[in-house]
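J.: So that you have it, the file is protein.pdb, and it contains PDB, C-alpha atoms:
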ATOM      1  CA  MET A  27       0.376  32.070  29.682
ATOM      2  CA  ARG A  28      -2.406  31.415  27.176
ATOM      3  CA  ARG A  29      -3.091  27.917  28.458
ATOM      4  CA  ILE A  30      -3.148  29.078  32.093
ATOM      5  CA  ALA A  31      -5.596  31.835  31.197
ATOM      6  CA  VAL A  32      -7.857  29.419  29.369
ATOM      7  CA  LEU A  33      -7.776  26.948  32.239
ATOM      8  CA  ALA A  34      -8.781  29.705  34.633
ATOM      9  CA  ALA A  35     -11.720  30.408  32.359
ATOM     10  CA  VAL A  36     -12.681  26.740  32.506
ATOM     11  CA  ALA A  37     -12.666  26.901  36.284
ATOM     12  CA  LEU A  38     -14.951  29.920  36.209
ATOM     13  CA  GLY A  39     -17.214  28.221  33.666
ATOM     14  CA  VAL A  40     -17.807  25.161  35.810
ATOM     15  CA  GLY A  41     -18.265  27.331  38.862
ATOM     16  CA  ALA A  42     -21.832  28.060  37.862
ATOM     17  CA  CYS A  43     -22.692  24.342  37.801
ATOM     18  CA  GLY A  44     -23.620  22.116  40.697
ATOM     19  CA  GLY A  45     -23.148  18.401  41.257
ATOM     20  CA  GLY A  46     -20.227  16.085  41.795
ATOM     21  CA  GLY A  47     -16.853  16.353  40.082
ATOM     22  CA  THR A  48     -15.851  14.791  36.792
ATOM     23  CA  SER A  49     -12.689  15.119  34.757
ATOM     24  CA  GLY A  50     -12.468  16.113  31.097
ATOM     25  CA  ASP A  51     -11.107  18.455  28.445
ATOM     26  CA  ARG A  52     -12.000  21.868  26.837
ATOM     27  CA  SER A  53     -13.325  22.817  23.384
ATOM     28  CA  PRO A  54     -11.294  24.546  20.656
ATOM     29  CA  SER A  55     -10.782  28.243  21.370
ATOM     30  CA  PRO A  56     -12.639  30.407  18.818
ATOM     31  CA  SER A  57      -9.480  32.317  17.922
ATOM     32  CA  ALA A  58      -7.782  29.090  16.851
ATOM     33  CA  VAL A  59     -10.654  27.568  14.943
ATOM     34  CA  THR A  60     -10.078  27.308  11.194
ATOM     35  CA  THR A  61     -13.306  26.956   9.264
ATOM     36  CA  SER A  62     -14.328  27.607   5.706
ATOM     37  CA  PRO A  63     -17.424  29.657   4.972
ATOM     38  CA  THR A  64     -20.500  27.477   4.587
ATOM     39  CA  PRO A  65     -21.763  29.115   1.340
ATOM     40  CA  LYS A  66     -19.671  28.085  -1.679
ATOM     41  CA  ARG A  67     -19.410  29.889  -4.992
ATOM     42  CA  ALA A  68     -19.400  27.058  -7.523
ATOM     43  CA  SER A  69     -21.627  24.010  -7.819
ATOM     44  CA  PRO A  70     -19.586  21.267  -9.529
ATOM     45  CA  THR A  71     -21.094  18.440 -11.503
ATOM     46  CA  LEU A  72     -21.662  15.481  -9.190
ATOM     47  CA  SER A  73     -21.335  11.880 -10.278
ATOM     48  CA  SER A  74     -21.599   8.437  -8.762
ATOM     49  CA  PRO A  75     -18.554   6.160  -9.098
ATOM     50  CA  ALA A  76     -18.567   3.858 -12.122
ATOM     51  CA  PRO A  77     -17.039   0.374 -11.796
ATOM     52  CA  SER A  78     -13.896   1.676 -13.518
ATOM     53  CA  SER A  79     -13.664   4.721 -11.239
ATOM     54  CA  PRO A  80     -10.143   5.326  -9.850
ATOM     55  CA  VAL A  81     -11.544   5.576  -6.311
ATOM     56  CA  ALA A  82      -9.070   3.267  -4.584
ATOM     57  CA  THR A  83     -11.479   1.685  -2.105
ATOM     58  CA  PRO A  84     -15.235   2.347  -2.291
ATOM     59  CA  ILE A  85     -16.531   3.602   1.036
ATOM     60  CA  GLU A  86     -19.950   3.444   2.617
ATOM     61  CA  LEU A  87     -21.851   6.720   2.366
ATOM     62  CA  PRO A  88     -25.310   7.752   3.576
ATOM     63  CA  PRO A  89     -28.184   7.371   1.087
ATOM     64  CA  HIS A  90     -28.618  10.072  -1.558
ATOM     65  CA  THR A  91     -25.000  11.234  -1.307
ATOM     66  CA  ALA A  92     -22.659  11.752  -4.260
ATOM     67  CA  SER A  93     -19.275  10.051  -3.982
ATOM     68  CA  THR A  94     -17.289  11.970  -6.604
ATOM     69  CA  VAL A  95     -17.092  15.451  -8.119
ATOM     70  CA  ALA A  96     -15.883  15.736 -11.702
ATOM     71  CA  ASP A  97     -14.987  19.449 -11.623
ATOM     72  CA  ASP A  98     -11.309  20.072 -10.852
ATOM     73  CA  VAL A  99     -11.752  23.192  -8.726
ATOM     74  CA  ALA A 100     -10.230  24.446  -5.492
ATOM     75  CA  ALA A 101     -11.756  23.332  -2.198
ATOM     76  CA  ALA A 102     -13.012  26.849  -1.539
ATOM     77  CA  ASP A 103     -15.024  26.711  -4.786
ATOM     78  CA  LEU A 104     -16.889  23.490  -4.019
ATOM     79  CA  ASP A 105     -20.588  23.590  -3.197
ATOM     80  CA  THR A 106     -20.613  22.075   0.304
ATOM     81  CA  ALA A 107     -24.379  21.608   0.243
ATOM     82  CA  ALA A 108     -23.948  19.238  -2.734
ATOM     83  CA  LEU A 109     -21.410  17.100  -0.863
ATOM     84  CA  ILE A 110     -23.711  15.898   1.928
ATOM     85  CA  PRO A 111     -26.868  13.748   1.980
ATOM     86  CA  ARG A 112     -29.922  15.155   0.226
ATOM     87  CA  GLY A 113     -32.047  17.032   2.763
ATOM     88  CA  ALA A 114     -29.162  17.579   5.201
ATOM     89  CA  GLU A 115     -27.786  20.959   6.260
ATOM     90  CA  VAL A 116     -24.125  21.977   6.507
ATOM     91  CA  ASP A 117     -23.101  22.493  10.123
ATOM     92  CA  ARG A 118     -19.413  23.389   9.725
ATOM     93  CA  SER A 119     -16.645  22.762   7.196
ATOM     94  CA  TRP A 120     -12.858  22.842   7.228
ATOM     95  CA  ILE A 121     -10.303  23.098   4.430
ATOM     96  CA  THR A 122      -6.859  21.515   4.633
ATOM     97  CA  ARG A 123      -4.092  22.613   2.272
ATOM     98  CA  ASP A 124      -1.781  19.577   2.381
ATOM     99  CA  PRO A 125      -3.380  17.335   1.328
ATOM    100  CA  GLU A 126      -6.082  19.535  -0.195
ATOM    101  CA  ALA A 127      -9.340  18.379   1.309
ATOM    102  CA  LEU A 128     -12.736  19.594   2.424
ATOM    103  CA  VAL A 129     -14.173  18.123   5.614
ATOM    104  CA  VAL A 130     -17.919  18.748   5.911
ATOM    105  CA  ALA A 131     -19.998  18.217   9.062
ATOM    106  CA  TYR A 132     -23.729  18.028   8.424
ATOM    107  CA  VAL A 133     -26.968  17.651  10.397
ATOM    108  CA  MET A 134     -30.307  16.171   9.396
ATOM    109  CA  PRO A 135     -33.102  18.611  10.402
ATOM    110  CA  GLY A 136     -35.749  17.322  12.771
ATOM    111  CA  SER A 137     -38.403  18.429  15.232
ATOM    112  CA  ASP A 138     -36.173  17.731  18.253
ATOM    113  CA  PRO A 139     -32.923  19.802  18.184
ATOM    114  CA  PHE A 140     -31.440  17.537  20.877
ATOM    115  CA  ARG A 141     -31.880  14.374  18.788
ATOM    116  CA  GLN A 142     -30.606  14.775  15.243
ATOM    117  CA  ASP A 143     -28.640  12.444  12.982
ATOM    118  CA  ARG A 144     -25.303  13.965  12.058
ATOM    119  CA  GLY A 145     -22.181  13.024  10.193
ATOM    120  CA  THR A 146     -18.845  14.132   8.776
ATOM    121  CA  ILE A 147     -17.661  13.432   5.217
ATOM    122  CA  VAL A 148     -14.032  13.872   4.119
ATOM    123  CA  TRP A 149     -13.531  14.934   0.479
ATOM    124  CA  ARG A 150     -10.037  14.869  -1.070
ATOM    125  CA  ARG A 151      -8.679  16.324  -4.295
ATOM    126  CA  PHE A 152      -6.743  13.995  -6.633
ATOM    127  CA  ASP A 153      -4.547  14.593  -9.680
ATOM    128  CA  ASP A 154      -6.540  12.210 -11.878
ATOM    129  CA  ALA A 155     -10.266  12.075 -12.590
ATOM    130  CA  PRO A 156     -12.614  12.343 -10.837
ATOM    131  CA  ALA A 157     -10.869  15.266  -9.182
ATOM    132  CA  TRP A 158     -12.759  15.101  -5.874
ATOM    133  CA  ARG A 159     -13.685  11.905  -4.047
ATOM    134  CA  ALA A 160     -15.345  11.151  -0.740
ATOM    135  CA  VAL A 161     -12.743   9.153   1.196
ATOM    136  CA  ALA A 162     -14.352   8.806   4.628
ATOM    137  CA  TRP A 163     -17.715   9.066   6.364
ATOM    138  CA  PHE A 164     -18.201   9.248  10.138
ATOM    139  CA  PRO A 165     -21.892   9.069  11.126
ATOM    140  CA  THR A 166     -23.323  10.159  14.481
ATOM    141  CA  SER A 167     -26.754   8.875  15.507
ATOM    142  CA  ALA A 168     -29.477  11.033  17.033
ATOM    143  CA  GLU A 169     -29.155   9.027  20.272
ATOM    144  CA  SER A 170     -25.610  10.362  20.794
ATOM    145  CA  GLY A 171     -26.984  13.731  21.911
ATOM    146  CA  VAL A 172     -24.515  15.796  19.869
ATOM    147  CA  LEU A 173     -25.608  19.443  19.771
ATOM    148  CA  GLY A 174     -22.941  20.908  17.475
ATOM    149  CA  VAL A 175     -19.357  20.583  16.312
ATOM    150  CA  ASP A 176     -16.223  22.696  16.170
ATOM    151  CA  GLY A 177     -12.736  22.048  14.884
ATOM    152  CA  ILE A 178      -9.131  23.090  14.330
ATOM    153  CA  VAL A 179      -6.899  22.350  11.319
ATOM    154  CA  ALA A 180      -3.359  21.379  12.372
ATOM    155  CA  ASP A 181      -0.788  18.620  12.043
ATOM    156  CA  VAL A 182      -1.234  16.590  15.220
ATOM    157  CA  THR A 183      -0.068  13.183  13.933
ATOM    158  CA  GLY A 184       3.441  14.435  13.164
ATOM    159  CA  ASN A 185       3.582  13.399   9.488
ATOM    160  CA  GLY A 186       3.854  16.982   8.209
ATOM    161  CA  LEU A 187       0.304  16.898   6.801
ATOM    162  CA  GLN A 188      -2.749  18.682   8.170
ATOM    163  CA  ASP A 189      -5.349  16.876  10.258
ATOM    164  CA  VAL A 190      -8.661  18.073  11.691
ATOM    165  CA  LEU A 191      -9.169  18.009  15.459
ATOM    166  CA  MET A 192     -12.926  18.050  16.099
ATOM    167  CA  ALA A 193     -15.130  18.459  19.176
ATOM    168  CA  ALA A 194     -18.738  17.225  19.070
ATOM    169  CA  TYR A 195     -20.511  18.885  21.985
ATOM    170  CA  THR A 196     -22.992  16.898  24.051
ATOM    171  CA  GLY A 197     -23.655  19.554  26.705
ATOM    172  CA  GLY A 198     -24.052  18.938  30.426
ATOM    173  CA  SER A 199     -22.715  20.895  33.357
ATOM    174  CA  GLY A 200     -19.137  19.980  32.418
ATOM    175  CA  ALA A 201     -19.360  21.196  28.789
ATOM    176  CA  CYS A 202     -18.905  17.606  27.656
ATOM    177  CA  ALA A 203     -17.737  16.718  24.151
ATOM    178  CA  ARG A 204     -16.435  13.831  22.084
ATOM    179  CA  TRP A 205     -13.020  14.742  20.698
ATOM    180  CA  THR A 206     -11.754  13.125  17.510
ATOM    181  CA  VAL A 207      -8.802  13.493  15.147
ATOM    182  CA  VAL A 208      -9.397  12.919  11.441
ATOM    183  CA  ASP A 209      -6.239  11.961   9.553
ATOM    184  CA  VAL A 210      -7.209  13.485   6.202
ATOM    185  CA  GLU A 211      -4.386  11.809   4.261
ATOM    186  CA  ALA A 212      -5.383   8.354   5.488
ATOM    187  CA  GLY A 213      -9.119   9.104   5.457
ATOM    188  CA  ASP A 214      -9.360   7.673   8.964
ATOM    189  CA  ARG A 215     -10.317   8.684  12.488
ATOM    190  CA  VAL A 216      -7.231   8.043  14.630
ATOM    191  CA  PHE A 217      -8.312   9.473  17.995
ATOM    192  CA  ALA A 218     -11.616   9.468  19.897
ATOM    193  CA  ARG A 219     -12.245  10.447  23.517
ATOM    194  CA  ASP A 220     -15.234  11.624  25.565
ATOM    195  CA  LEU A 221     -14.289  14.394  28.007
ATOM    196  CA  CYS A 222     -15.912  16.879  30.359
ATOM    197  CA  ASP A 223     -14.541  19.888  32.274
ATOM    198  CA  GLY A 224     -11.585  20.486  29.966
ATOM    199  CA  ARG A 225     -10.397  20.604  26.358
ATOM    200  CA  ILE A 226      -7.880  19.304  23.842
ATOM    201  CA  ASP A 227      -5.607  21.495  21.721
ATOM    202  CA  PRO A 228      -2.881  20.798  19.170
ATOM    203  CA  SER A 229       0.584  20.586  20.719
ATOM    204  CA  ALA A 230       3.408  22.217  18.784
ATOM    205  CA  ASP A 231       6.419  20.878  20.708
ATOM    206  CA  PRO A 232       6.261  17.948  20.546
ATOM    207  CA  ILE A 233       3.685  17.696  17.764
ATOM    208  CA  GLY A 234       0.600  15.979  19.122
ATOM    209  CA  LEU A 235      -2.341  16.703  21.412
ATOM    210  CA  SER A 236      -2.400  18.741  24.620
ATOM    211  CA  VAL A 237      -5.124  17.482  26.957
ATOM    212  CA  ASP A 238      -6.073  19.930  29.737
ATOM    213  CA  GLN A 239      -8.349  18.535  32.454
ATOM    214  CA  ALA A 240      -9.837  19.685  35.711
ATOM    215  CA  VAL A 241      -8.727  17.404  38.580
ATOM    216  CA  TYR A 242     -11.259  16.770  41.334
ATOM    217  CA  ARG A 243     -10.268  15.344  44.673
ATOM    218  CA  VAL A 244     -12.616  13.825  47.227
ATOM    219  CA  GLY A 245     -14.938  16.527  48.548
ATOM    220  CA  ASP A 246     -14.347  19.025  45.705
ATOM    221  CA  PRO A 247     -17.558  20.695  44.516
ATOM    222  CA  HIS A 248     -18.043  20.829  40.767
ATOM    223  CA  CYS A 249     -17.335  24.545  40.807
ATOM    224  CA  CYS A 250     -13.905  24.225  42.307
ATOM    225  CA  PRO A 251     -11.436  21.561  41.135
ATOM    226  CA  SER A 252      -8.296  21.219  43.225
ATOM    227  CA  ALA A 253      -5.923  21.220  40.265
ATOM    228  CA  PHE A 254      -5.509  21.141  36.507
ATOM    229  CA  ARG A 255      -3.609  18.451  34.631
ATOM    230  CA  THR A 256      -1.992  18.841  31.198
ATOM    231  CA  THR A 257      -1.081  15.664  29.349
ATOM    232  CA  VAL A 258       0.740  15.812  26.004
ATOM    233  CA  LEU A 259       0.105  12.872  23.676
ATOM    234  CA  THR A 260       2.093  12.002  20.555
ATOM    235  CA  TYR A 261       0.932   9.740  17.751
ATOM    236  CA  ALA A 262       2.594   6.332  17.511
ATOM    237  CA  GLY A 263       0.666   5.121  14.454
ATOM    238  CA  ASP A 264      -2.195   2.665  13.954
ATOM    239  CA  GLY A 265      -4.482   4.698  16.206
ATOM    240  CA  ARG A 266      -2.077   4.509  19.168
ATOM    241  CA  TRP A 267      -1.023   7.521  21.239
ATOM    242  CA  THR A 268       1.730   7.706  23.859
ATOM    243  CA  VAL A 269       2.163  10.070  26.806
ATOM    244  CA  ALA A 270       5.041  12.479  26.159
ATOM    245  CA  SER A 271       4.629  14.530  29.341
ATOM    246  CA  LYS A 272       2.232  15.161  32.214
ATOM    247  CA  ASP A 273       1.999  18.202  34.478
ATOM    248  CA  VAL A 274      -0.348  18.885  37.396
ATOM    249  CA  ARG A 275      -0.826  22.413  38.729
ATOM    250  CA  ASP A 276      -2.800  23.496  41.773
ATOM    251  CA  ALA A 277      -5.861  25.583  40.964
ATOM    252  CA  PRO A 278      -5.426  29.325  41.625
TER     253      PRO A 278
END
In structure tokens, how does this file's structure come out?
T.:
Amino acid sequence: MRRIAVLAAVALGVGACGGGGTSGDRSPSPSAVTTSPTPKRASPTLSSPAPSSPVATPIELPPHTASTVADDVAAADLDTAALIPRGAEVDRSWITRDPEALVVAYVMPGSDPFRQDRGTIVWRRFDDAPAWRAVAWFPTSAESGVLGVDGIVADVTGNGLQDVLMAAYTGGSGACARWTVVDVEAGDRVFARDLCDGRIDPSADPIGLSVDQAVYRVGDPHCCPSAFRTTVLTYAGDGRWTVASKDVRDAP
């Protein structure tokens, strides 16, 4: 019943927009979003990796960004502002418990709010020193038109570990967004899709992604799609996803 109610809300949301039909997927519902508060209590000592650092594979990071944190503290006690490029601002952050990680989305301030460089850095906690290490960086250029991000913490790859499903909103009449899945354990982005007029949620049974889209047939105005389609995807590894089920329902 929840999904049907949300899809009805999507139909109402696009009803106020004109233009031709497109197909796409929703944004994470606020009640399901898991975020950590932006202000952090402790400010650990930051360090750059030495040649003998146990960072398995050095990664590219933006200029003026620390790559390790010496202090062995909980994710909730990290200073998020110290984990992003100098001069950037924290947009959102998410904490995963298994593995323990802090995923920080940042934005570089500028005079044009519709054209700002952004990025996401994944920090993971390790048993040996340095305790915290940046394991992945996903930049987004100002030309991408991203206006903000949201996310949900859940296991969507089916390995029993938590991932972060993120939506980077680009606006438009169809509430368009780029949806990505960050595999925190692997430090990799394993799913990326641009969608409008819909959303993507974690699927619990089977574990994966539930893609809800408005379906437009010839002659449908943008306000009134003929149907809604739900496609469940499961992760097959190496960035590949397979269709587990597909269901199309006529619009109410």
J.: Which distance in Å separates atom CA of Val175 of chain A and atom CA of Ala194 of chain A, to one decimal?
T.: 4.4 Å
J.: Quick one: residues within 8 Å of Ser271 of chain A, only C-alpha atoms, excluding same-chain residues fewer than 6 positions away - as a list in words?
T.: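 Answer for this query is Thr257, Val258 and Leu259 of chain A.
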J.: Please indicate the distance in Å from atom CA of Ala253 of chain A to atom CA of Val241 of chain A, rounded to one decimal place.
T.: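 For atom CA of Ala253 of chain A relative to atom CA of Val241 of chain A, the distance reads 5.0 Å.
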J.: Using all atoms listed in the file, find the one residue out of A:Pro228, A:Pro135, A:Pro125, A:Gly174 that sits nearest to Gly113 of chain A.
T.: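 Of A:Pro228, A:Pro135, A:Pro125, A:Gly174, the one nearest Gly113 of chain A is A:Pro135, counting all atoms listed in the file.
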J.: Grab the atom CA of Ala127 of chain A to atom CA of Cys202 of chain A distance for me, in Å with one decimal place.
T.: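 About the pair atom CA of Ala127 of chain A and atom CA of Cys202 of chain A: they are 28.0 Å apart.
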J.: For Asp238 of chain A, work out the shell of residues within 6 Å, counting only C-alpha atoms and skipping chain neighbours fewer than 4 positions away, then give it as a ChimeraX atom specification.
T.: /A:51,224-225,255-256
J.: Run the PyMOL selection byres ((chain A and resi 278) around 9) on the file and write out the hits as number ranges by chain.
T.: A: 34, 252-253, 275-277
J.: Tell me which of A:Ala193, A:Val172, A:Val161, A:Ala212 sits closest to Arg144 of chain A, counting all atoms listed in the file.
T.: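 Smallest distance to Arg144 of chain A is found for A:Val172.
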J.: Nearest to Leu235 of chain A: which of A:Leu109, A:Cys222, A:Val207, A:Ala160 is it, counting only C-alpha atoms?
T.: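 Counting only C-alpha atoms, the residue closest to Leu235 of chain A is A:Val207.
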J.: On this file, the PyMOL selection byres ((chain A and resi 123) around 10) gives some set of residues; write that set as an mmCIF file with C-alpha atoms, in the coordinates of the input.
T.:
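Saved result, selection18.cif, follows:
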data_model
loop_
_atom_site.group_PDB
_atom_site.id
_atom_site.type_symbol
_atom_site.label_atom_id
_atom_site.label_comp_id
_atom_site.auth_asym_id
_atom_site.auth_seq_id
_atom_site.Cartn_x
_atom_site.Cartn_y
_atom_site.Cartn_z
ATOM 1 C CA ALA A 101 -11.756 23.332 -2.198
ATOM 2 C CA ILE A 121 -10.303 23.098 4.430
ATOM 3 C CA THR A 122 -6.859 21.515 4.633
ATOM 4 C CA ASP A 124 -1.781 19.577 2.381
ATOM 5 C CA PRO A 125 -3.380 17.335 1.328
ATOM 6 C CA GLU A 126 -6.082 19.535 -0.195
ATOM 7 C CA ALA A 127 -9.340 18.379 1.309
ATOM 8 C CA LEU A 128 -12.736 19.594 2.424
ATOM 9 C CA VAL A 179 -6.899 22.350 11.319
ATOM 10 C CA LEU A 187 0.304 16.898 6.801
ATOM 11 C CA GLN A 188 -2.749 18.682 8.170
ATOM 12 C CA ASP A 189 -5.349 16.876 10.258
#
J.: What do you get, as a list of chain:residue names, if you spell out every residue that the PyMOL selection byres ((chain A and resi 89-91) around 12) selects here?
T.: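 This file, filtered by the PyMOL selection byres ((chain A and resi 89-91) around 12), leaves A:Leu72, A:Ser73, A:Ser74, A:Pro75, A:Ile85, A:Glu86, A:Leu87, A:Pro88, A:Ala92, A:Ser93, A:Thr94, A:Val95, A:Thr106, A:Ala107, A:Ala108, A:Leu109, A:Ile110, A:Pro111, A:Arg112, A:Gly113, A:Ala114, A:Tyr132, A:Gly145, A:Ile147, A:Arg159, A:Ala160, A:Trp163, A:Pro165.
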J.: Select, from A:Val244, A:Met192, A:Leu104, A:Val269, the residue with the minimum atom-to-atom distance to Ala131 of chain A, counting all atoms listed in the file.
T.: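 Nearest to Ala131 of chain A: A:Met192.
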J.: I need the residue nearest Ala262 of chain A from this list: A:Val216, A:Ala240, A:Val99, A:Val148. Use only C-alpha atoms for the distance.
T.: A:Val216
